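The structure appears right after this line, and notes come after that.
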Amino acid sequence: MNSTVYVHTAKLLNNVSAIKRRLNNNVKFMAVVKDDAYGHGLTQTANRLESSVDWFCVARVDEGVLLRKSGIKCPILVFECPTHQTSTLFRDYHLTATLTHRSTFDILEDGTEYQINIDSGMRRLGVLPEEASEVAELVSKYPKLTCTGIYTHFAKSDDPGNPEVAYQLKKFNEVRPLFDAQLLTHTANTGAIFHYPDHDLQFDAVRPGVSLYGYGAGEHVIDDLEPAIEWKSFLMQVKPIKKGESVSYGWRWQAPTDGYIAAVPTGYAAGIPRLLSSSIEYAINGERFEQAGTVSMDYSMVFLREKQFNVGTEVTLLGGKAMHAKEWADKAQTISYEITTRLHPAIKREFLD
Ligand SMILES: *Cc1c(COP(=O)(O)O)cnc(C)c1O
C-alpha cells in the first residue's frame, strides 16, 4: 500500500502503565483489541500486551478465533450477540460469549462460558433492566453453561462530569444484586477510567480500549498517554511549481510561492479522510509541510516550499504526540478511534519492539 504503520511496543506498554496507575488494587485489566486493535494489528498487538493484561475483549467471534489461532491463552470476551452460526466457535475456541437477551441461553452450546451485558442506558446490546430478574432466574436453569461475569457500557463517559454516567451506574447497581455476587463485574471504558475517578465504577475489572493506543476518550488530551503509531509514506515524485499554479482534482489549491510540489502515494483509500484536503500537514525531517489540494484515492500532494527533497524521502503522516490523530479527528469532526480504525488493513503494520 506504499505506506507503513509502525507501532511502538514501548508506547503501548507505557499506555498500559498509565491506565494501571488509575486503577484500584486488584482490578483486572481487560484490554479491548476489537477491530484489528483499533487499526493497530490484532494479533501483533495482543501478543505484545498479553503478559501485561488479564483479558482481551473483541467485537466479533472471528476476532477471538484469530487470537486463539495466534496462540493467545488468556481469557477472551466477545461483545457481539452469539448466533446459531457462531455458537460452536465460542465453545471450540474457549471464547467467553456475551448474553445479551434471554434467547442467548438457547443459542449457546453446552460447555460455553458467558457474561451478561446489562443495558443500563446505551440501548445497543444487552439485557434491559426490567428483564434482568427473568434472566437471573434462567442462569441456574442452564447448568451446562457457565456464567462468569456481568457488565454494562457507558454512553457518555467521554464527557467528564456527565450526570448520565451516575444514572447508568445506578441502574446497573440496582440489578446487580439479582446475580451471583462472585461474578466478575465491570463497567469502565477509557472515559470512565480517566474522567470518573470519584465514581465507584471500577468493580472487579476495567475495559480500556482507545487509551491503550494513546488517545483520550473525549476532548481532553491525557498527558501520560502517547499515540503508539507512526504512519509513514514517501515522496514518489517531486516537481517544481510556480506561484499561483493549481494542484490536484478541482484545482482547489494554488501554490502561494514558487517552490516544489510532491506526490505522496497515500490517499483516501488508505485512510486519509478526503474531507481533510488542504487542511493537514505532513512532517519531513521533523519539519511540517502543508498537504496541498484534494486528497485523491491513491495520492495526496505536499507543498515543499523551496525544499527540493529527493524522491523516496520519508514522509510522516501521523506520529506520536507531534502528529496527533486527534488533530485530524478534530478537523474531520470525528474521534481518534475512527482515524486509526480507517487505516486500511492492507497497509503493513510493523512493530518496533
Ligand atoms: C469499545 C468498547 C470498550 C472500550 O471503549 P474505549 O472508549 O475505547 O475505552 C469497552 N466496552 C465495550 C462494550 C466496548 O464496545
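Letters A, B, ... go to the chains of the C-alpha cells in the order shown; residues in each chain start at 1; ligands are counted from 1 in the same order.
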Output the neighbourhood of ligand 1 as a ChimeraX atom specification, that is, all protein and nucleic acid residues with some atom at most 7 Å from the ligand, counting only C-alpha atoms and all ligand atoms. /A:32,59,79,153,188-191,207-211,217
Skip segment 118-122 of chain A itself and residues of its chain fewer than 5 positions away, then list as an mmCIF file with C-alpha atoms, in the first residue's frame all residues within 12 Å of it, counting only C-alpha atoms.
```
data_model
loop_
_atom_site.group_PDB
_atom_site.id
_atom_site.type_symbol
_atom_site.label_atom_id
_atom_site.label_comp_id
_atom_site.auth_asym_id
_atom_site.auth_seq_id
_atom_site.Cartn_x
_atom_site.Cartn_y
_atom_site.Cartn_z
ATOM 1 C CA PHE A 79 -19.104 -8.416 22.792
ATOM 2 C CA THR A 98 -21.951 -12.259 25.864
ATOM 3 C CA LEU A 99 -25.514 -12.988 26.872
ATOM 4 C CA THR A 100 -27.488 -10.061 25.529
ATOM 5 C CA HIS A 101 -31.015 -11.422 25.822
ATOM 6 C CA ARG A 102 -32.730 -14.447 27.333
ATOM 7 C CA VAL A 127 -30.463 -7.234 28.727
ATOM 8 C CA LEU A 128 -32.870 -4.463 29.711
ATOM 9 C CA PRO A 129 -33.036 -3.829 33.471
ATOM 10 C CA GLU A 130 -36.697 -4.849 33.525
ATOM 11 C CA GLU A 131 -35.774 -8.251 32.035
ATOM 12 C CA ALA A 132 -32.858 -8.834 34.394
ATOM 13 C CA SER A 133 -34.744 -10.789 37.058
ATOM 14 C CA VAL A 135 -32.535 -13.707 33.116
ATOM 15 C CA ALA A 136 -31.206 -14.139 36.665
ATOM 16 C CA GLY A 149 -19.371 -12.157 34.703
ATOM 17 C CA ILE A 150 -21.756 -9.245 34.352
ATOM 18 C CA TYR A 151 -21.133 -5.871 32.777
ATOM 19 C CA THR A 152 -22.554 -2.705 31.309
ATOM 20 C CA HIS A 153 -21.326 0.018 28.966
ATOM 21 C CA PHE A 154 -21.482 3.810 29.371
ATOM 22 C CA ALA A 155 -22.829 6.087 26.674
ATOM 23 C CA LYS A 156 -21.384 9.379 27.906
ATOM 24 C CA SER A 157 -18.259 8.706 29.925
ATOM 25 C CA GLU A 164 -25.839 10.213 32.871
ATOM 26 C CA VAL A 165 -22.830 8.165 33.930
ATOM 27 C CA ALA A 166 -24.076 8.182 37.518
ATOM 28 C CA TYR A 167 -27.568 7.396 36.222
ATOM 29 C CA GLN A 168 -26.365 4.335 34.282
ATOM 30 C CA LEU A 169 -24.267 3.241 37.234
ATOM 31 C CA LYS A 170 -27.320 3.461 39.473
ATOM 32 C CA LYS A 171 -29.373 1.366 37.022
ATOM 33 C CA PHE A 172 -26.617 -1.236 36.914
ATOM 34 C CA ASN A 173 -26.252 -1.291 40.684
ATOM 35 C CA GLU A 174 -29.992 -1.844 41.032
ATOM 36 C CA VAL A 175 -29.952 -5.081 39.033
ATOM 37 C CA ARG A 176 -26.514 -6.309 40.105
ATOM 38 C CA LEU A 178 -30.085 -10.221 41.331
ATOM 39 C CA PHE A 179 -26.987 -12.134 40.227
ATOM 40 C CA THR A 185 -18.247 -7.233 37.397
ATOM 41 C CA HIS A 186 -17.089 -4.500 35.052
ATOM 42 C CA THR A 187 -18.313 -1.257 33.521
#
```
From a backbone DSSP assignment, name each residue in segment 140-318 of chain A labelled strand (DSSP E), as JSON, numbers by chain. {"A": [146, 147, 148, 149, 150, 151, 184, 185, 186, 187, 188, 205, 206, 229, 230, 231, 232, 233, 234, 237, 238, 239, 240, 241, 246, 247, 253, 254, 259, 260, 261, 262, 263, 264, 281, 282, 283, 284, 287, 288, 289, 290, 291, 292, 300, 301, 302, 303, 304, 305, 314, 315, 316, 317, 318]}
How would the residues just chosen look if you wrote them out with C-alpha atoms as an mmCIF file, in the first residue's frame?
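Below is the file selection_6.cif, written as the result:
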```cif
data_model
loop_
_atom_site.group_PDB
_atom_site.id
_atom_site.type_symbol
_atom_site.label_atom_id
_atom_site.label_comp_id
_atom_site.auth_asym_id
_atom_site.auth_seq_id
_atom_site.Cartn_x
_atom_site.Cartn_y
_atom_site.Cartn_z
ATOM 1 C CA THR A 146 -21.153 -21.181 32.916
ATOM 2 C CA CYS A 147 -21.803 -17.569 33.815
ATOM 3 C CA THR A 148 -18.526 -15.844 34.741
ATOM 4 C CA GLY A 149 -19.371 -12.157 34.703
ATOM 5 C CA ILE A 150 -21.756 -9.245 34.352
ATOM 6 C CA TYR A 151 -21.133 -5.871 32.777
ATOM 7 C CA LEU A 184 -16.655 -10.688 37.503
ATOM 8 C CA THR A 185 -18.247 -7.233 37.397
ATOM 9 C CA HIS A 186 -17.089 -4.500 35.052
ATOM 10 C CA THR A 187 -18.313 -1.257 33.521
ATOM 11 C CA ALA A 188 -15.446 1.123 32.801
ATOM 12 C CA ALA A 205 -12.208 -5.167 36.115
ATOM 13 C CA VAL A 206 -11.997 -2.370 33.548
ATOM 14 C CA ILE A 229 1.585 4.555 15.852
ATOM 15 C CA GLU A 230 3.557 6.353 13.236
ATOM 16 C CA TRP A 231 2.182 6.275 9.719
ATOM 17 C CA LYS A 232 4.816 6.845 7.116
ATOM 18 C CA SER A 233 4.916 7.113 3.368
ATOM 19 C CA PHE A 234 7.397 8.724 0.965
ATOM 20 C CA GLN A 237 7.529 12.295 -7.482
ATOM 21 C CA VAL A 238 8.846 15.820 -6.896
ATOM 22 C CA LYS A 239 8.469 18.680 -9.376
ATOM 23 C CA PRO A 240 8.742 22.439 -9.469
ATOM 24 C CA ILE A 241 5.634 24.585 -9.212
ATOM 25 C CA SER A 246 -3.055 24.739 -9.146
ATOM 26 C CA VAL A 247 -2.809 21.183 -7.882
ATOM 27 C CA TRP A 253 -5.188 24.704 -4.077
ATOM 28 C CA GLN A 254 -2.757 27.167 -5.608
ATOM 29 C CA GLY A 259 8.655 26.005 -4.942
ATOM 30 C CA TYR A 260 8.307 22.249 -5.164
ATOM 31 C CA ILE A 261 5.280 20.012 -5.040
ATOM 32 C CA ALA A 262 5.478 16.285 -4.322
ATOM 33 C CA ALA A 263 3.141 13.342 -4.702
ATOM 34 C CA VAL A 264 2.823 11.055 -1.674
ATOM 35 C CA GLU A 281 0.328 18.839 7.432
ATOM 36 C CA TYR A 282 2.921 16.133 6.857
ATOM 37 C CA ALA A 283 6.335 16.004 8.508
ATOM 38 C CA ILE A 284 9.576 15.593 6.617
ATOM 39 C CA GLU A 287 9.560 19.874 9.762
ATOM 40 C CA ARG A 288 5.891 20.356 8.848
ATOM 41 C CA PHE A 289 4.693 20.985 5.306
ATOM 42 C CA GLU A 290 1.173 21.658 4.135
ATOM 43 C CA GLN A 291 -0.769 18.945 2.390
ATOM 44 C CA ALA A 292 -1.835 20.632 -0.826
ATOM 45 C CA SER A 300 -2.028 13.236 -1.653
ATOM 46 C CA MET A 301 0.215 16.163 -2.533
ATOM 47 C CA VAL A 302 2.538 18.046 -0.237
ATOM 48 C CA PHE A 303 3.986 21.520 -0.822
ATOM 49 C CA LEU A 304 7.703 21.502 -0.073
ATOM 50 C CA ARG A 305 8.102 25.280 -0.339
ATOM 51 C CA GLU A 314 10.247 9.595 4.098
ATOM 52 C CA VAL A 315 7.047 11.465 4.992
ATOM 53 C CA THR A 316 5.259 11.155 8.337
ATOM 54 C CA LEU A 317 1.504 11.454 8.077
ATOM 55 C CA LEU A 318 0.739 10.602 11.694
#
```
Using only C-alpha atoms, the residue out of A:Thr340, A:Thr112, A:Ser51, A:Thr104 with shortest distance to Phe90 of chain A is A:Thr112
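Across the model, the gap from atom CA of Ser296 of chain A to atom CA of Arg274 of chain A is 7.2 Å.
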For each of A:Pro227, A:Gly250, A:Gly216, A:Gly41, take the minimum atom-to-atom distance to Lys11 of chain A, counting only C-alpha atoms, then give the residue where this is smallest.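 Of A:Pro227, A:Gly250, A:Gly216, A:Gly41, the one nearest Lys11 of chain A, counting only C-alpha atoms, is A:Pro227.
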Restricting the calculation to only C-alpha atoms: of A:Ser140, A:Thr45, A:Thr341, A:Gln115, which residue gets closest to Cys81 of chain A?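 Looking at the shortest contact to Cys81 of chain A, the residue is A:Gln115.
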Would you mind reading off the distance between atom CA of His344 of chain A and atom CA of Ala269 of chain A, one decimal, in Å? 7.2 Å
For Asn310 of chain A, the nearest of the candidates A:Cys74, A:Met236, A:Ala346, A:Val53, counting only C-alpha atoms: A:Met236
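Atom CA of Ile272 of chain A lies 15.5 Å from atom CA of His40 of chain A.
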Which residue out of A:Val221, A:Ile76, A:Leu275, A:Ala181 has the minimum interatomic distance to Thr334 of chain A when only C-alpha atoms are used?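 Of the candidates, the smallest distance to Thr334 of chain A is held by A:Leu275.
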From a backbone DSSP assignment, name each residue in segment 84-298 of chain A labelled alpha helix (DSSP H), as a ChimeraX atom specification. /A:87-92,104-107,132-139,163-175,190-195
So which one's closest to Gly267 of chain A, A:Val311, A:Leu49, A:Met297, A:Met30? Using only C-alpha atoms, please.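 Selected residue with least distance to Gly267 of chain A: A:Met297.
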